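Working notes for the structure below.
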Amino acid sequence: MKRLIEIINRRRNRFLNTGVVFVVDSISSLAASIFVLVMMNLLMPGFEFSQSRILLWLMSVFVSTVIAFRVGRVYRAIIRYSTLRELGRLGLVCLGKELMLYFLMAFTTFGFGSGILGGMVLMDFFVSLCALIIIRVLMVAVYDRMQALNKAEQAVRKVLVYGTNDKAASMVARLRNSPHYRIIGFVAYGKERVGHSLAGMKVYYFENAGGVHIFRNTLYADGILFPYVADARAEQDRLINYCRQAGMKTYVMPNIDEMTDQQAIGNYIRKIKIEDLLGRPEIKISMDEIIANFKGKTVMVTGAAGSIGSELCRQLATFGVDKLILFDNAETPLHNIRLELEDRFKDLDFVPVIGDVRSIKRLDFVFGKYRPQIVFHAAAYKHVPLMEENPCEAIRVNVTGSKHVADKCVEYEVEKMVMVSTDKAVNPTNIMGCTKRLAEIYVQSLGLAIEKGEVAGKTCFVTTRFGNVLGSNGSVIPRFREQLEHGGPITVTHPEITRFFMTIPEACRLVMEAATFATGTQIFVFDMGESVKIVTLAERMIHLAGLEVDRDIKIEFTGLRPGEKLYEEVLATKENTIPTAHTRIFVAKAREYPFTDASGIMAQLSEYGEDVNIPDMVRLMKRTVPEFKSKNSEYEKYDIS
């Protein structure tokens with residue numbers, strides 16, 4: 001049946017054309033007239049139905065049918081749109097047939113006689129009309145059924161699974177009842193698997209783009225399904241590129257933490273995204289230890305509606321926490337994450353709180369009422385150009401806000417505070433990066449002061465640094481997607497600019513891991529692999545959209561923005577980090593500041609920020625963080641030589 005549907009789908013423009021309808025109508029009319037002849041023979045056993053009379057009847061029926069149907073042209077009507085008017089035309093055509101039939105039979109010497117002939121013609125009229133109506137109803141029913149089957153078949157994407165390993169084979173069973181995907185075989189590179197089969201299906205091979213065109217044109221495959229994101233990443237310059245040339249889609253089975261309903265696995269298959277192709281091999285983290293660390297505890301997340309904060313909440317929701325406090329000042333995004341958590345995690349006890357880290361009284365209320373045991377501090381301003389233009393607000397949120405959260409953690413005896421920082425805090429070249437480094441300084445100095453007994457408290461302070469997060473709000477990938485949707489151009493600041501990237505779930509797992517095995521006041525960083533040229537990212541996004549650079553979408557270079565640098569710092573080197581038990585996670589060697597000094601500096605910066613005293617504020621920032629050298633910025637004049 002599926003093969004028949006494919007054939008009909010390819011020939012649908014010729015399905016039920018006028019020639020077919022004319023032949024079907026003619027055969028139906030002839031069949032009706034033969035039926036009438038048989039019935040008259042049964043009803044009138046004493047009348048002689050000789051061979052000559054039967055032959056005359058059949059010849060007259062044929063001639064009158066062809067002439068009436070050709071003149072009436074009812075076969076040209078679109079049957080599936082037939083109305084009562086079309087039925088009236090059928091009646092007129094049948095009437096014309098019967099009139100011609102009567103006259104042809106009436107003027108022969110071996111006819112039936114006027115009485116018998118009149119009865120036969122009248123019966124033939126009704127039988128022929130009924131036959132034509134029934135045939136049309138059946139045609140419409142068959143057409144509708146085939147259309148429904150065709151739509152259902154078109155909705156099912158026929159895919160080839162990449163690879164011949166156990167995970168690839170398991171896709172057959174997992175997608176057997178999927179209404180969205182149908183596996184038609186497996187695909188591997190090279191001829192080594194020629195003639196092989198896997199899970200009862202043939203293994204096909206490719207060596208160049210021509211092989212993928214064959215999958216499209218002879219197997220009618222809609223796309224390639226990759227069981228692992230790593231497989232897609234390894235084939236991005238070969239198979240994925242061939243698929244783009246052949247007009248085939250590429251799909252991937254997401255990581256297990258992206259899925260919640262294993263019974264509907266096909267619903268989670270998605271098209272390959274640029275995030276899948278730009279990452280490095282994922283850092284493996286012991287989730288069992290992480291889950292045990294949070295289970296049964298009250299956890300608070302500041303900036304809970306942001307990209308990192310919301311993903312932290314999603315992951316914490318699966319850890320069996322006792323209560324989850326979502327703290328953010330963005331009303332609509334917080335409302336959205338609330339609806340998502342209500343829908344996905346019906347048993348989760350969580351509280352969305354509208355609040356601002358700049359407000360000590362609001363923080364005091366939340367800490368006093370809910371008594372969090374662990375706090376993830378992800379609230380921050382992060383956009384470099386915007387903070388370069390609004391430095392006082394960067395200080396008030398990123399520095400003063402972080403100080404407020406840290407102080408409340410100590411006051412309410414929070415077990416652990418984990419602060420989300422950035423690679424831009426390393427040798428900062430902009431206001432945003434420096435404010436994050438200043439926040440690190442205060443949190444680190446407070447934690448060390450507690451460890452030394454200089455400040456009363458029991459809170460452990462942990463900081464995590466990582467690079468750009470793929471797909472986060474306001475980042476380059478959503479911007480490029482928006483530009484693609486509008487037909488381009490895609491804008492890149494500089495042809496040589498590079499960045500380190502990581503995925504949002506991976507960033508959050510790093511934060512979780514840091515919170516789990518931190519033994520004291522530490523700043524954690526990790527090996528982010530190789531940096532990626534932003535122009536390369538733009539080119540790959542254009543290709544994933546099935547377009548060509550310059551021909552379909554242009555790339556324009558707009559120049560570096562204030563505070564922006566070409567290359568981000570490498571976070572993990574032997575010179576600036578200490579290894580941990582995890583091969584990809586390190587502890588940063590950071591300058592330590594006495595808590596009294598750090599506290600005084602933060603208070604002064606907060607005062608400058610409130611007073612909008614930008615010159616003195618920036619000077620103090622640069623004295624406190626002497627490695628802060630502005631780039632392409634008006635604040636270069638305050639640099640310390």
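Identifiers in this document derive from the order of the structure tokens: chains are assigned A, B, ..., residues are numbered from 1 separately in each chain, and ligands are numbered from 1 in order of occurrence.
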
Contacts of stretch 296-309 of chain A within 8 Å, only C-alpha atoms, excl. fewer than 2 positions in-chain, as a count of residues only: 35

Just the residues within 12 Å of A:Gly433, please, counting only C-alpha atoms, with nothing from its chain fewer than 3 positions along; format it as JSON, numbers by chain. {"A": [380, 381, 382, 383, 384, 385, 387, 388, 391, 394, 395, 398, 399, 421, 422, 423, 424, 425, 426, 427, 428, 429, 430, 436, 437, 438, 439, 440, 465, 467, 563, 564, 565, 568, 569, 621, 622, 625, 627, 628, 629, 630, 631]}

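With only C-alpha atoms taken into account, the protein and nucleic acid residues at most 9 Å from A:Leu560 (excluding it and anything under 4 positions from it in its own chain) are Val492, Thr493, His494, Ile497, Glu564, Lys565, Leu566 and Asn632 of chain A.
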
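Shortest atom-to-atom contact with A:Val476 among A:Ala141, A:Ile523, A:Ile214, A:Ile490: A:Ile490, counting only C-alpha atoms.
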
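Each of A:Ser606, A:Leu219, A:Tyr593, A:Arg244 was compared to A:Glu393 using only C-alpha atoms, and A:Ser606 turns out to be the nearest.
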
List every residue of stretch 241-471 of chain A that DSSP, applied to the backbone of this structure, assigns to helix (DSSP H, G or I), and report them as a PyMOL selection string. chain A and resi 241-246+256-258+262-268+274-278+287-294+307-316+331-344+360-370+384-389+391-411+423-425+431-451

Writer output for current selection, C-alpha atoms, as a tab-separated table (two decimals), in the first residue's frame:
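Written output follows (part_20.tsv):
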chain	number	residue	atom	x	y	z
A	241	ASN	CA	27.08	18.81	3.31
A	242	TYR	CA	26.03	16.12	0.80
A	243	CYS	CA	22.51	16.13	2.24
A	244	ARG	CA	22.31	19.87	1.79
A	245	GLN	CA	23.30	19.51	-1.86
A	246	ALA	CA	20.69	16.77	-2.38
A	256	ILE	CA	18.58	12.08	27.22
A	257	ASP	CA	18.28	15.23	29.35
A	258	GLU	CA	16.35	16.91	26.55
A	262	GLN	CA	10.46	7.96	26.66
A	263	GLN	CA	7.26	6.46	25.24
A	264	ALA	CA	7.04	9.22	22.66
A	265	ILE	CA	10.66	9.21	21.60
A	266	GLY	CA	9.85	10.22	18.03
A	267	ASN	CA	8.50	13.55	19.28
A	268	TYR	CA	11.98	14.57	20.42
A	274	ILE	CA	24.21	24.89	14.53
A	275	GLU	CA	24.67	24.27	18.27
A	276	ASP	CA	25.12	20.55	17.53
A	277	LEU	CA	27.96	21.20	15.09
A	278	LEU	CA	29.97	23.78	17.03
A	287	MET	CA	25.03	13.04	37.54
A	288	ASP	CA	24.41	10.57	40.40
A	289	GLU	CA	26.64	12.58	42.73
A	290	ILE	CA	25.06	15.83	41.61
A	291	ILE	CA	21.53	14.55	42.19
A	292	ALA	CA	22.44	13.26	45.64
A	293	ASN	CA	23.86	16.70	46.51
A	294	PHE	CA	20.58	18.52	45.79
A	307	SER	CA	19.10	31.36	29.51
A	308	ILE	CA	21.39	29.85	32.15
A	309	GLY	CA	19.03	30.36	35.08
A	310	SER	CA	16.05	28.72	33.37
A	311	GLU	CA	18.13	25.69	32.33
A	312	LEU	CA	19.42	25.38	35.88
A	313	CYS	CA	15.80	25.28	37.03
A	314	ARG	CA	14.91	22.61	34.46
A	315	GLN	CA	17.75	20.38	35.59
A	316	LEU	CA	17.15	20.99	39.30
A	331	GLU	CA	7.96	39.43	34.52
A	332	THR	CA	7.11	37.80	31.19
A	333	PRO	CA	10.13	35.44	30.99
A	334	LEU	CA	9.51	34.37	34.60
A	335	HIS	CA	5.87	33.73	33.76
A	336	ASN	CA	6.96	31.62	30.78
A	337	ILE	CA	9.33	29.42	32.79
A	338	ARG	CA	6.63	29.05	35.43
A	339	LEU	CA	4.17	27.72	32.83
A	340	GLU	CA	6.83	25.35	31.49
A	341	LEU	CA	7.64	23.93	34.92
A	342	GLU	CA	3.95	23.55	35.75
A	343	ASP	CA	3.44	21.62	32.55
A	344	ARG	CA	6.54	19.41	32.63
A	360	ILE	CA	18.35	44.34	49.87
A	361	LYS	CA	14.89	44.34	51.48
A	362	ARG	CA	13.39	42.13	48.78
A	363	LEU	CA	16.29	39.67	49.09
A	364	ASP	CA	15.94	39.72	52.86
A	365	PHE	CA	12.25	38.83	52.58
A	366	VAL	CA	12.91	35.90	50.24
A	367	PHE	CA	15.84	34.50	52.23
A	368	GLY	CA	13.94	34.91	55.50
A	369	LYS	CA	10.75	33.27	54.26
A	370	TYR	CA	12.11	30.32	52.27
A	384	VAL	CA	29.15	44.02	26.30
A	385	PRO	CA	28.21	47.04	24.12
A	386	LEU	CA	25.19	47.89	26.26
A	387	MET	CA	27.19	47.82	29.48
A	388	GLU	CA	29.90	49.90	27.86
A	389	GLU	CA	27.21	52.54	27.35
A	391	PRO	CA	28.56	51.35	33.17
A	392	CYS	CA	26.79	52.47	36.34
A	393	GLU	CA	23.98	49.94	35.86
A	394	ALA	CA	26.59	47.25	35.22
A	395	ILE	CA	28.13	48.05	38.60
A	396	ARG	CA	24.75	48.18	40.39
A	397	VAL	CA	23.62	44.77	39.11
A	398	ASN	CA	26.77	42.74	38.53
A	399	VAL	CA	28.79	44.00	41.50
A	400	THR	CA	26.42	45.46	44.09
A	401	GLY	CA	23.71	42.88	43.31
A	402	SER	CA	26.20	40.03	43.72
A	403	LYS	CA	27.40	41.53	47.00
A	404	HIS	CA	23.80	41.68	48.27
A	405	VAL	CA	23.17	38.03	47.42
A	406	ALA	CA	26.46	36.91	48.98
A	407	ASP	CA	25.83	38.89	52.17
A	408	LYS	CA	22.36	37.38	52.55
A	409	CYS	CA	23.78	33.90	52.02
A	410	VAL	CA	26.09	34.49	54.99
A	411	GLU	CA	23.36	36.09	57.10
A	423	ASP	CA	35.59	34.15	30.51
A	424	LYS	CA	35.35	37.91	29.90
A	425	ALA	CA	36.39	38.38	33.52
A	431	ILE	CA	33.03	47.21	31.54
A	432	MET	CA	30.94	44.04	31.67
A	433	GLY	CA	33.95	41.75	32.00
A	434	CYS	CA	35.46	43.92	34.71
A	435	THR	CA	32.23	44.01	36.73
A	436	LYS	CA	32.13	40.21	36.69
A	437	ARG	CA	35.75	40.10	37.88
A	438	LEU	CA	34.88	42.55	40.66
A	439	ALA	CA	31.98	40.32	41.71
A	440	GLU	CA	34.40	37.38	41.77
A	441	ILE	CA	36.79	39.38	43.95
A	442	TYR	CA	34.13	40.17	46.55
A	443	VAL	CA	32.70	36.67	46.68
A	444	GLN	CA	36.17	35.10	46.82
A	445	SER	CA	37.42	37.45	49.53
A	446	LEU	CA	34.26	36.88	51.61
A	447	GLY	CA	34.61	33.12	51.33
A	448	LEU	CA	38.29	33.18	52.26
A	449	ALA	CA	37.56	35.49	55.21
A	450	ILE	CA	35.01	32.97	56.50
A	451	GLU	CA	37.52	30.12	56.11

For A:Ala131: contacts at 8 Å, only C-alpha atoms, fewer than 6 positions along chain excluded, given as a ChimeraX atom specification: /A:28-29,32

Quick one: residues within 10 Å of A:Ile614, only C-alpha atoms, excluding same-chain residues fewer than 3 positions away - as a PyMOL selection string? chain A and resi 390-392+605+608-611+617-620+635
